[in-house]
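What follows is the content of data_21.cif, which has mmCIF, C-alpha atoms and all ligand atoms:
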data_input
#
loop_
_atom_site.label_atom_id
_atom_site.label_comp_id
_atom_site.auth_asym_id
_atom_site.auth_seq_id
_atom_site.Cartn_x
_atom_site.Cartn_y
_atom_site.Cartn_z
CA MET A 1408 0.00 0.00 0.00
CA LEU A 1409 2.93 2.40 0.67
CA GLY A 1410 4.62 3.56 -2.53
CA GLU A 1411 7.56 5.82 -3.26
CA ASN A 1412 5.56 9.00 -3.89
CA GLY A 1413 2.21 8.13 -2.41
CA LEU A 1414 -0.05 5.40 -1.15
CA GLU A 1415 -3.15 3.45 -2.16
CA VAL A 1416 -6.16 3.80 0.14
CA PRO A 1417 -9.16 1.44 0.11
CA LEU A 1418 -12.28 3.58 -0.23
CA LYS A 1419 -15.96 2.60 -0.57
CA ASN A 1420 -17.11 -0.23 -2.85
CA GLY A 1421 -13.81 -2.05 -2.47
CA GLU A 1422 -12.03 0.42 -4.76
CA THR A 1423 -8.69 1.91 -3.97
CA ALA A 1424 -7.44 5.36 -4.82
CA TYR A 1425 -3.96 6.84 -4.99
CA PHE A 1426 -2.91 9.87 -2.90
CA ASN A 1427 0.35 11.76 -3.15
CA TYR A 1428 2.39 12.13 0.05
CA TYR A 1429 2.90 15.89 -0.30
CA TRP A 1430 -0.86 16.34 -0.71
CA LEU A 1431 -1.65 14.15 2.33
CA ARG A 1432 0.87 15.90 4.55
CA ASP A 1433 -0.01 19.42 3.37
CA ASN A 1434 -3.74 18.86 3.88
CA CYS A 1435 -3.54 17.01 7.21
CA PRO A 1436 -6.51 18.36 9.26
CA ALA A 1437 -3.94 19.56 11.81
CA SER A 1438 -2.52 21.88 9.13
CA PHE A 1439 -5.48 24.21 9.52
CA ASP A 1440 -5.93 26.68 12.33
CA PRO A 1441 -9.40 26.13 13.85
CA GLU A 1442 -9.85 29.86 14.49
CA THR A 1443 -8.72 31.45 11.23
CA ARG A 1444 -9.52 28.24 9.28
CA GLU A 1445 -6.42 28.93 7.24
CA ARG A 1446 -3.51 26.59 6.58
CA VAL A 1447 -0.73 27.14 9.10
CA PHE A 1448 1.47 24.22 8.04
CA ASP A 1449 4.48 25.35 5.98
CA ILE A 1450 5.40 22.66 3.48
CA PHE A 1451 8.23 24.81 2.15
CA ALA A 1452 9.96 24.51 5.52
CA GLU A 1453 10.14 20.69 5.40
CA GLU A 1454 13.74 19.58 4.98
CA SER A 1455 12.92 16.34 3.20
CA ARG A 1456 10.01 15.19 1.09
CA PRO A 1457 7.10 13.73 3.07
CA GLN A 1458 7.44 9.96 3.47
CA ALA A 1459 4.95 7.68 5.25
CA VAL A 1460 6.39 5.01 7.51
CA SER A 1461 3.03 3.36 8.22
CA ALA A 1462 -0.60 3.77 7.21
CA THR A 1463 -3.77 2.07 8.43
CA VAL A 1464 -7.48 2.52 7.79
CA SER A 1465 -10.03 2.22 10.60
CA ASN A 1466 -13.32 3.80 11.71
CA GLY A 1467 -13.64 5.90 8.59
CA TYR A 1468 -10.16 7.44 8.89
CA LEU A 1469 -6.80 6.97 7.24
CA GLU A 1470 -3.99 7.19 9.79
CA VAL A 1471 -0.54 7.99 8.45
CA THR A 1472 2.64 8.19 10.52
CA TRP A 1473 5.28 10.31 8.84
CA ALA A 1474 9.05 9.84 8.81
CA GLY A 1475 11.12 12.41 10.65
CA ALA A 1476 9.35 13.95 13.62
CA GLY A 1477 6.73 11.19 13.58
CA HIS A 1478 3.74 13.44 12.97
CA VAL A 1479 0.48 11.48 12.64
CA THR A 1480 -2.27 12.46 10.19
CA HIS A 1481 -5.90 11.40 10.72
CA MET A 1482 -7.70 12.01 7.46
CA PRO A 1483 -11.44 11.26 7.07
CA LEU A 1484 -12.07 8.83 4.20
CA GLU A 1485 -14.93 11.09 3.15
CA THR A 1486 -12.46 13.89 2.44
CA LEU A 1487 -10.27 11.48 0.49
CA SER A 1488 -13.26 10.34 -1.60
CA ASN A 1489 -13.92 13.94 -2.67
CA TYR A 1490 -10.39 14.30 -4.03
CA ALA A 1491 -9.77 10.77 -5.31
CA GLU A 1492 -10.50 11.48 -8.95
CA GLY A 1493 -8.98 14.93 -9.31
CA ARG A 1494 -12.38 16.51 -9.94
CA LYS A 1495 -12.88 20.20 -9.26
CA ARG A 1496 -14.29 20.93 -5.83
CA ALA A 1497 -18.10 21.10 -5.85
CA ASP A 1498 -19.30 24.71 -5.76
CA PRO A 1499 -22.91 25.57 -4.82
CA ALA A 1500 -22.52 28.88 -6.67
CA ASN A 1501 -21.71 27.10 -9.93
CA LEU A 1502 -25.30 27.14 -11.20
CA VAL A 1503 -26.22 26.49 -14.80
CA ARG A 1504 -26.62 29.82 -16.62
CA LYS A 1505 -29.89 30.14 -18.50
CA PRO A 1506 -29.72 32.22 -21.69
CA TRP A 1507 -32.64 34.58 -22.27
CA TYR A 1508 -33.99 36.47 -25.26
CA ALA A 1509 -36.05 39.54 -26.27
CA ASP A 1510 -39.23 38.32 -24.54
CA HIS A 1511 -37.61 37.98 -21.12
CA TYR A 1512 -38.96 41.17 -19.53
CA PRO A 1513 -42.15 39.70 -17.95
CA ALA A 1514 -40.05 36.82 -16.57
CA VAL A 1515 -37.29 38.97 -15.06
CA GLY A 1516 -36.87 38.00 -11.40
CA ARG A 1517 -38.44 40.73 -9.24
CA PHE A 1518 -37.67 41.24 -5.58
CA ALA A 1519 -39.18 43.84 -3.28
CA HIS A 1520 -36.59 45.92 -1.45
CA ALA A 1521 -38.43 45.53 1.87
CA ASP A 1522 -38.48 41.71 1.51
CA LEU A 1523 -34.74 41.61 0.84
CA VAL A 1524 -33.97 43.69 3.91
CA ALA A 1525 -36.31 41.57 6.05
CA ASP A 1526 -35.20 38.06 5.16
CA LYS A 1527 -31.90 36.60 3.93
CA ALA A 1528 -33.80 33.77 2.20
CA ASN A 1529 -35.02 36.38 -0.28
CA VAL A 1530 -31.45 37.58 -0.81
CA LYS A 1531 -30.51 33.99 -1.64
CA SER A 1532 -33.29 33.79 -4.25
CA TRP A 1533 -32.15 37.09 -5.71
CA VAL A 1534 -28.51 35.96 -6.01
CA GLU A 1535 -29.67 32.66 -7.48
CA THR A 1536 -31.45 34.63 -10.20
CA MET A 1537 -28.31 36.69 -10.76
CA LEU A 1538 -26.22 33.54 -11.17
CA THR A 1539 -28.64 31.85 -13.59
CA ASP A 1540 -30.17 34.80 -15.50
CA GLY A 1541 -27.60 37.54 -14.87
CA VAL A 1542 -30.31 40.14 -14.29
CA ALA A 1543 -32.97 40.99 -11.68
CA LEU A 1544 -35.22 43.91 -10.79
CA ILE A 1545 -35.51 45.26 -7.27
CA THR A 1546 -38.78 47.09 -6.69
CA GLY A 1547 -39.93 49.61 -4.11
CA LEU A 1548 -36.58 51.25 -3.45
CA PRO A 1549 -36.94 54.39 -1.32
CA ASP A 1550 -36.09 57.60 -3.16
CA THR A 1551 -33.00 58.25 -1.04
CA ASP A 1552 -29.26 58.34 -1.70
CA ALA A 1553 -28.76 55.58 0.89
CA ALA A 1554 -31.15 53.08 -0.70
CA LEU A 1555 -28.78 52.08 -3.50
CA LEU A 1556 -25.77 51.41 -1.26
CA GLU A 1557 -27.93 49.61 1.28
CA THR A 1558 -29.33 47.31 -1.42
CA ALA A 1559 -25.95 46.62 -3.04
CA SER A 1560 -24.34 45.79 0.30
CA LEU A 1561 -26.77 42.90 0.71
CA ILE A 1562 -24.71 40.93 -1.82
CA GLY A 1563 -21.22 42.40 -1.48
CA HIS A 1564 -19.08 45.38 -0.67
CA VAL A 1565 -19.70 48.33 -2.91
CA ARG A 1566 -16.53 48.88 -4.91
CA PRO A 1567 -15.56 52.21 -6.37
CA SER A 1568 -14.68 52.85 -9.98
CA TYR A 1569 -12.67 55.81 -11.22
CA PHE A 1570 -15.96 57.71 -11.08
CA GLY A 1571 -16.04 57.12 -7.29
CA LEU A 1572 -18.30 55.02 -5.09
CA VAL A 1573 -21.47 55.89 -6.99
CA PHE A 1574 -22.23 57.54 -10.30
CA GLU A 1575 -25.17 59.61 -11.39
CA VAL A 1576 -26.58 58.89 -14.85
CA LYS A 1577 -28.21 62.11 -15.95
CA THR A 1578 -27.34 64.87 -18.34
CA HIS A 1579 -24.05 66.38 -17.12
CA ILE A 1580 -22.87 69.82 -18.18
CA LYS A 1581 -19.30 68.63 -18.89
CA PRO A 1582 -19.74 64.91 -19.57
CA THR A 1583 -16.84 62.46 -19.19
CA ASN A 1584 -18.86 59.54 -20.52
CA LEU A 1585 -21.51 59.06 -23.17
CA ALA A 1586 -23.89 57.81 -20.46
CA PHE A 1587 -23.87 61.29 -18.93
CA THR A 1588 -25.53 62.82 -22.02
CA SER A 1589 -29.01 62.42 -23.50
CA LYS A 1590 -27.65 60.70 -26.61
CA ALA A 1591 -28.35 57.06 -27.48
CA LEU A 1592 -25.95 54.74 -25.73
CA GLU A 1593 -24.85 51.74 -27.77
CA LEU A 1594 -24.97 48.27 -26.25
CA HIS A 1595 -21.99 47.84 -23.95
CA THR A 1596 -20.63 46.48 -20.71
CA ASP A 1597 -19.32 49.06 -18.24
CA LEU A 1598 -15.74 50.19 -17.81
CA PRO A 1599 -13.64 47.60 -19.65
CA SER A 1600 -10.89 50.22 -19.39
CA GLU A 1601 -10.53 49.16 -15.73
CA ASP A 1602 -8.02 46.40 -15.11
CA PHE A 1603 -10.72 44.47 -13.25
CA ALA A 1604 -13.95 45.67 -14.83
CA PRO A 1605 -16.86 45.93 -12.34
CA GLY A 1606 -18.66 42.63 -11.84
CA VAL A 1607 -22.22 43.52 -10.84
CA GLN A 1608 -23.94 46.76 -11.73
CA PHE A 1609 -26.82 48.43 -9.90
CA LEU A 1610 -28.89 51.21 -11.47
CA HIS A 1611 -31.44 52.80 -9.15
CA CYS A 1612 -34.01 54.77 -11.12
CA ARG A 1613 -34.84 57.89 -9.11
CA ALA A 1614 -36.79 59.64 -11.87
CA ASN A 1615 -37.80 58.84 -15.43
CA SER A 1616 -40.40 61.15 -16.89
CA VAL A 1617 -38.63 61.98 -20.16
CA GLU A 1618 -39.75 61.08 -23.67
CA GLY A 1619 -37.58 58.20 -24.89
CA GLY A 1620 -34.70 56.78 -22.89
CA ASP A 1621 -35.93 53.17 -22.96
CA SER A 1622 -33.50 50.64 -21.50
CA LEU A 1623 -32.04 48.05 -23.85
CA PHE A 1624 -30.66 44.85 -22.37
CA VAL A 1625 -29.18 41.80 -24.10
CA ASP A 1626 -27.98 38.54 -22.62
CA GLY A 1627 -24.45 38.39 -24.02
CA LEU A 1628 -24.34 34.73 -23.03
CA ALA A 1629 -27.29 33.90 -25.33
CA VAL A 1630 -25.61 35.70 -28.23
CA ALA A 1631 -22.21 34.12 -27.56
CA GLU A 1632 -23.70 30.62 -27.37
CA ASP A 1633 -25.39 31.04 -30.75
CA PHE A 1634 -22.26 32.65 -32.16
CA ARG A 1635 -20.19 29.66 -31.03
CA LYS A 1636 -22.47 27.31 -32.99
CA LEU A 1637 -22.68 29.45 -36.13
CA TYR A 1638 -19.13 30.80 -36.40
CA PRO A 1639 -16.74 28.55 -34.45
CA GLU A 1640 -13.58 30.08 -35.93
CA ASP A 1641 -14.72 33.62 -35.17
CA PHE A 1642 -15.67 32.47 -31.70
CA ASP A 1643 -12.14 31.17 -31.09
CA LEU A 1644 -10.74 34.56 -32.09
CA LEU A 1645 -13.04 36.41 -29.71
CA VAL A 1646 -12.15 34.20 -26.73
CA SER A 1647 -8.41 34.51 -27.35
CA THR A 1648 -7.74 38.08 -28.54
CA ASP A 1649 -6.95 40.83 -26.05
CA VAL A 1650 -8.79 43.99 -27.04
CA PRO A 1651 -7.45 47.33 -25.73
CA TYR A 1652 -9.84 49.69 -23.94
CA TYR A 1653 -9.28 53.19 -22.65
CA CYS A 1654 -10.96 56.01 -20.80
CA GLU A 1655 -8.95 59.20 -20.80
CA HIS A 1656 -9.95 62.59 -19.51
CA ASP A 1657 -8.40 65.46 -17.54
CA THR A 1658 -7.67 63.52 -14.34
CA PHE A 1659 -7.56 59.86 -15.38
CA ASP A 1660 -6.08 57.68 -18.11
CA MET A 1661 -7.43 54.18 -17.65
CA ARG A 1662 -6.24 51.40 -19.96
CA ALA A 1663 -6.83 47.65 -19.90
CA ARG A 1664 -7.19 44.68 -22.21
CA GLN A 1665 -10.18 42.36 -22.22
CA ARG A 1666 -11.48 39.49 -24.29
CA VAL A 1667 -14.83 39.84 -26.02
CA ILE A 1668 -16.09 36.42 -24.94
CA GLU A 1669 -15.13 34.96 -21.57
CA LEU A 1670 -15.05 31.26 -20.71
CA ASP A 1671 -15.20 29.91 -17.18
CA GLU A 1672 -12.92 27.24 -15.72
CA TYR A 1673 -15.15 24.51 -17.23
CA GLY A 1674 -15.00 25.96 -20.75
CA ASN A 1675 -18.58 27.24 -20.55
CA ILE A 1676 -19.35 30.77 -21.74
CA SER A 1677 -19.56 32.97 -18.68
CA GLY A 1678 -19.61 36.45 -20.12
CA VAL A 1679 -18.85 39.08 -22.69
CA THR A 1680 -17.05 42.42 -22.59
CA ILE A 1681 -17.80 44.97 -25.24
CA SER A 1682 -17.81 48.74 -25.48
CA GLN A 1683 -17.32 50.66 -28.66
CA HIS A 1684 -17.09 53.98 -26.83
CA GLN A 1685 -14.23 52.70 -24.68
CA ALA A 1686 -12.47 50.55 -27.29
CA ASP A 1687 -9.00 51.98 -27.87
CA ILE A 1688 -7.48 52.17 -31.34
CA PHE A 1689 -6.69 48.50 -31.92
CA ASP A 1690 -2.92 48.09 -31.75
CA LEU A 1691 -2.92 44.50 -32.99
CA PRO A 1692 -0.80 43.57 -36.00
CA GLN A 1693 -2.68 44.80 -39.08
CA ARG A 1694 -2.64 41.34 -40.69
CA GLU A 1695 -4.36 39.87 -37.62
CA LEU A 1696 -7.02 42.53 -37.96
CA ASP A 1697 -7.84 41.06 -41.37
CA ARG A 1698 -9.40 38.19 -39.44
CA PHE A 1699 -10.32 39.86 -36.17
CA TYR A 1700 -12.39 42.80 -37.44
CA PRO A 1701 -14.88 40.70 -39.47
CA ALA A 1702 -15.40 38.38 -36.46
CA PHE A 1703 -15.77 41.33 -34.08
CA CYS A 1704 -18.31 43.07 -36.34
CA ARG A 1705 -20.24 39.85 -36.92
CA PHE A 1706 -20.60 39.45 -33.16
CA GLY A 1707 -21.48 43.12 -32.62
CA ARG A 1708 -24.19 43.00 -35.28
CA MET A 1709 -25.60 39.73 -33.96
CA MET A 1710 -25.87 41.30 -30.51
CA GLN A 1711 -28.16 43.97 -31.96
CA GLU A 1712 -30.61 41.50 -33.53
CA GLU A 1713 -34.19 41.97 -32.35
CA LYS A 1714 -34.41 38.38 -31.10
CA TYR A 1715 -31.98 39.23 -28.32
CA LEU A 1716 -33.05 42.78 -27.49
CA MET A 1717 -35.07 43.19 -24.28
CA ARG A 1718 -36.52 46.70 -24.43
CA PHE A 1719 -38.31 48.22 -21.46
CA ARG A 1720 -38.80 51.35 -19.44
CA LEU A 1721 -37.12 51.56 -16.07
CA ASN A 1722 -39.55 53.14 -13.60
CA ALA A 1723 -38.83 55.36 -10.63
CA GLY A 1724 -38.37 53.20 -7.52
CA GLU A 1725 -36.90 50.27 -9.45
CA CYS A 1726 -33.29 49.17 -9.40
CA ILE A 1727 -31.99 46.94 -12.14
CA VAL A 1728 -29.12 44.71 -11.12
CA PHE A 1729 -27.05 42.82 -13.65
CA ASP A 1730 -23.86 40.91 -14.25
CA ASN A 1731 -21.66 43.48 -16.00
CA HIS A 1732 -19.54 40.71 -17.55
CA ARG A 1733 -22.54 39.03 -19.15
CA ILE A 1734 -25.41 41.43 -19.71
CA VAL A 1735 -24.91 44.06 -22.38
CA HIS A 1736 -26.91 47.24 -21.86
CA GLY A 1737 -27.72 50.43 -23.66
CA ARG A 1738 -30.24 53.21 -23.84
CA ALA A 1739 -32.33 54.89 -26.49
CA ALA A 1740 -31.82 58.63 -26.87
CA TYR A 1741 -34.16 60.86 -24.90
CA SER A 1742 -35.31 64.43 -24.92
CA ALA A 1743 -33.51 66.14 -22.02
CA THR A 1744 -36.07 68.93 -21.87
CA SER A 1745 -39.14 66.66 -21.71
CA GLY A 1746 -38.78 65.77 -18.02
CA ASP A 1747 -36.33 64.29 -15.50
CA ARG A 1748 -34.21 61.20 -15.94
CA HIS A 1749 -31.90 60.19 -13.13
CA LEU A 1750 -30.30 56.85 -12.41
CA ARG A 1751 -27.90 56.41 -9.52
CA GLY A 1752 -25.47 53.55 -9.98
CA CYS A 1753 -22.79 51.55 -8.21
CA TYR A 1754 -20.94 48.25 -8.52
CA THR A 1755 -20.08 45.17 -6.50
CA ASP A 1756 -17.97 42.18 -7.56
CA ARG A 1757 -19.04 38.82 -8.91
CA GLY A 1758 -16.73 36.89 -6.59
CA GLU A 1759 -18.31 38.46 -3.53
CA MET A 1760 -21.77 37.73 -4.88
CA ARG A 1761 -20.86 34.05 -5.27
CA SER A 1762 -19.41 34.11 -1.74
CA THR A 1763 -22.72 35.48 -0.41
CA TYR A 1764 -24.57 32.68 -2.20
CA ARG A 1765 -22.33 29.97 -0.73
CA ILE A 1766 -22.77 31.39 2.78
CA LEU A 1767 -26.57 31.55 2.36
CA SER A 1768 -26.54 28.00 0.96
CA GLY A 1769 -24.93 26.77 4.18
CA GLU A 1770 -22.34 24.74 2.30
CA GLY A 1771 -18.62 24.86 2.88
CA ARG A 1772 -15.61 22.96 4.16
CA PHE A 1773 -15.98 24.36 7.67
CA LYS A 1774 -19.73 23.80 8.14
FE FE B 1 -23.37 51.58 -18.87
#
Rewrite the coordinates I just gave you, this time as structure tokens.
Amino acid sequence: MLGENGLEVPLKNGETAYFNYYWLRDNCPASFDPETRERVFDIFAEESRPQAVSATVSNGYLEVTWAGAGHVTHMPLETLSNYAEGRKRADPANLVRKPWYADHYPAVGRFAHADLVADKANVKSWVETMLTDGVALITGLPDTDAALLETASLIGHVRPSYFGLVFEVKTHIKPTNLAFTSKALELHTDLPSEDFAPGVQFLHCRANSVEGGDSLFVDGLAVAEDFRKLYPEDFDLLVSTDVPYYCEHDTFDMRARQRVIELDEYGNISGVTISQHQADIFDLPQRELDRFYPAFCRFGRMMQEEKYLMRFRLNAGECIVFDNHRIVHGRAAYSATSGDRHLRGCYTDRGEMRSTYRILSGEGRFK
């Protein structure tokens, strides 16, 4: 049972599985501090490679005595079973994403602000909708500055952008972004010029009495999945080419590179990043652009097809929340003199949202 680099352990059903000595020693339950729950064992400090001198299985545990100082590891067989086949650790937040199309508006998950504040179970349902659909509507938000930050903090820390902690989408006198004008805003994801573009976007509608200004939302995932089937070679270009983005004004000069289509660790499509108003002058080799530009334009045009375009009017008191790496959004032009239009926005991160979901699911290694 003891080998040179590892050992064979009998698990359930009479099968045996191989485990590497470094892995067994590094992940000994005694390696983790019960208070911080972090690993406190330092495998780099070991003078020689871990070597078992004896190993037995009894009462659901593997017991290994190690050479050297004679440390003993008691490892539950259940833990070993989870890692026997080298499969990725199960993640409750890894829900199947459901693509949606132009007719999605009546089915958009709606959650009343008061219900979210009152009961965490409602927050869990909301995050579940965010993970599967990428978009949800919060209703009944108070018309206060605090309401937006209070709502966002239910799923993660509010994270600033180079516009600050919050941003106000209304007609600005000296605009630094197309959103801050009354012009039409092409379909885009926000701030790809940031190294780590914001993950989740909140837009609290405080007033919307203007003519025009309808919201346009597209599930980039739905478009990218169809694109993958129709144009596999173009798809490969869009998942592998770094596109430069910028946002430059008097006091900032943001630059970053992003890929148009994002894949997750399983190879599934998890998002898109696109913004013509922040796309920098492409500095790719001109010959590569012979292939890239047609693919890029084909995707951009497909994204604008009616079958994908969810068009609706955001009403005062509503807050639309969406995955900024998946949902592409835009706005029809409006008449600035026909009334008031004011959205107050902020961002949180996707990783924190998934963390919130795992906590509310009650699943984890330390439960
Ligand atoms: Fe935007």
Residues near segment 1689-1706 of chain A, anyone? I mean within 8 Å using only C-alpha atoms, not counting same-chain ones fewer than 3 positions away, as a VMD selection string. chain A and resid 1630 to 1631 1634 1641 to 1642 1644 to 1645 1650 to 1651 1686 1709 to 1710
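By all atoms listed in the file, and with residues fewer than 2 positions from segment 1415-1418 of chain A along its chain excluded, the set lying at most 10 Å from it is Met1408, Leu1409, Gly1410, Gly1413, Asn1420, Gly1421, Glu1422, Thr1423, Ala1424, Tyr1425, Phe1426, Asn1427, Ala1462, Thr1463, Val1464, Gly1467, Leu1469, Leu1484, Glu1485, Leu1487, Ser1488 and Ala1491 of chain A.
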Using all atoms listed in the file, which residues have at least one atom no more than 9 Å from ligand FE 1 (chain B)? Output them as a PyMOL selection string. chain A and resi 1576+1585-1586+1592+1594-1598+1608+1731+1735-1738
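Each of A:Ser1465, A:Gly1707, A:Glu1672, A:Tyr1764 was compared to Arg1496 of chain A using only C-alpha atoms, and A:Glu1672 turns out to be the nearest.
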Residues within 12 Å of Val1573 of chain A, only C-alpha atoms, excluding chain neighbours under 2 positions, as a ChimeraX atom specification: /A:1552-1556,1559,1565-1571,1575-1576,1608-1611,1750-1755
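Distances to Met1482 of chain A were evaluated for A:Lys1527, A:His1656, A:Arg1432, A:His1511 using all atoms listed in the file, and the minimum falls at A:Arg1432.
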Will you give me segment 1661-1694 of chain A, written with C-alpha atoms and laid out as a short mmCIF file (atom, residue, chain, number, x, y, z; two decimals), in the first residue's frame?
data_model
loop_
_atom_site.label_atom_id
_atom_site.label_comp_id
_atom_site.auth_asym_id
_atom_site.auth_seq_id
_atom_site.Cartn_x
_atom_site.Cartn_y
_atom_site.Cartn_z
CA MET A 1661 -7.43 54.18 -17.65
CA ARG A 1662 -6.24 51.40 -19.96
CA ALA A 1663 -6.83 47.65 -19.90
CA ARG A 1664 -7.19 44.68 -22.21
CA GLN A 1665 -10.18 42.36 -22.22
CA ARG A 1666 -11.48 39.49 -24.29
CA VAL A 1667 -14.83 39.84 -26.02
CA ILE A 1668 -16.09 36.42 -24.94
CA GLU A 1669 -15.13 34.96 -21.57
CA LEU A 1670 -15.05 31.26 -20.71
CA ASP A 1671 -15.20 29.91 -17.18
CA GLU A 1672 -12.92 27.24 -15.72
CA TYR A 1673 -15.15 24.51 -17.23
CA GLY A 1674 -15.00 25.96 -20.75
CA ASN A 1675 -18.58 27.24 -20.55
CA ILE A 1676 -19.35 30.77 -21.74
CA SER A 1677 -19.56 32.97 -18.68
CA GLY A 1678 -19.61 36.45 -20.12
CA VAL A 1679 -18.85 39.08 -22.69
CA THR A 1680 -17.05 42.42 -22.59
CA ILE A 1681 -17.80 44.97 -25.24
CA SER A 1682 -17.81 48.74 -25.48
CA GLN A 1683 -17.32 50.66 -28.66
CA HIS A 1684 -17.09 53.98 -26.83
CA GLN A 1685 -14.23 52.70 -24.68
CA ALA A 1686 -12.47 50.55 -27.29
CA ASP A 1687 -9.00 51.98 -27.87
CA ILE A 1688 -7.48 52.17 -31.34
CA PHE A 1689 -6.69 48.50 -31.92
CA ASP A 1690 -2.92 48.09 -31.75
CA LEU A 1691 -2.92 44.50 -32.99
CA PRO A 1692 -0.80 43.57 -36.00
CA GLN A 1693 -2.68 44.80 -39.08
CA ARG A 1694 -2.64 41.34 -40.69
#
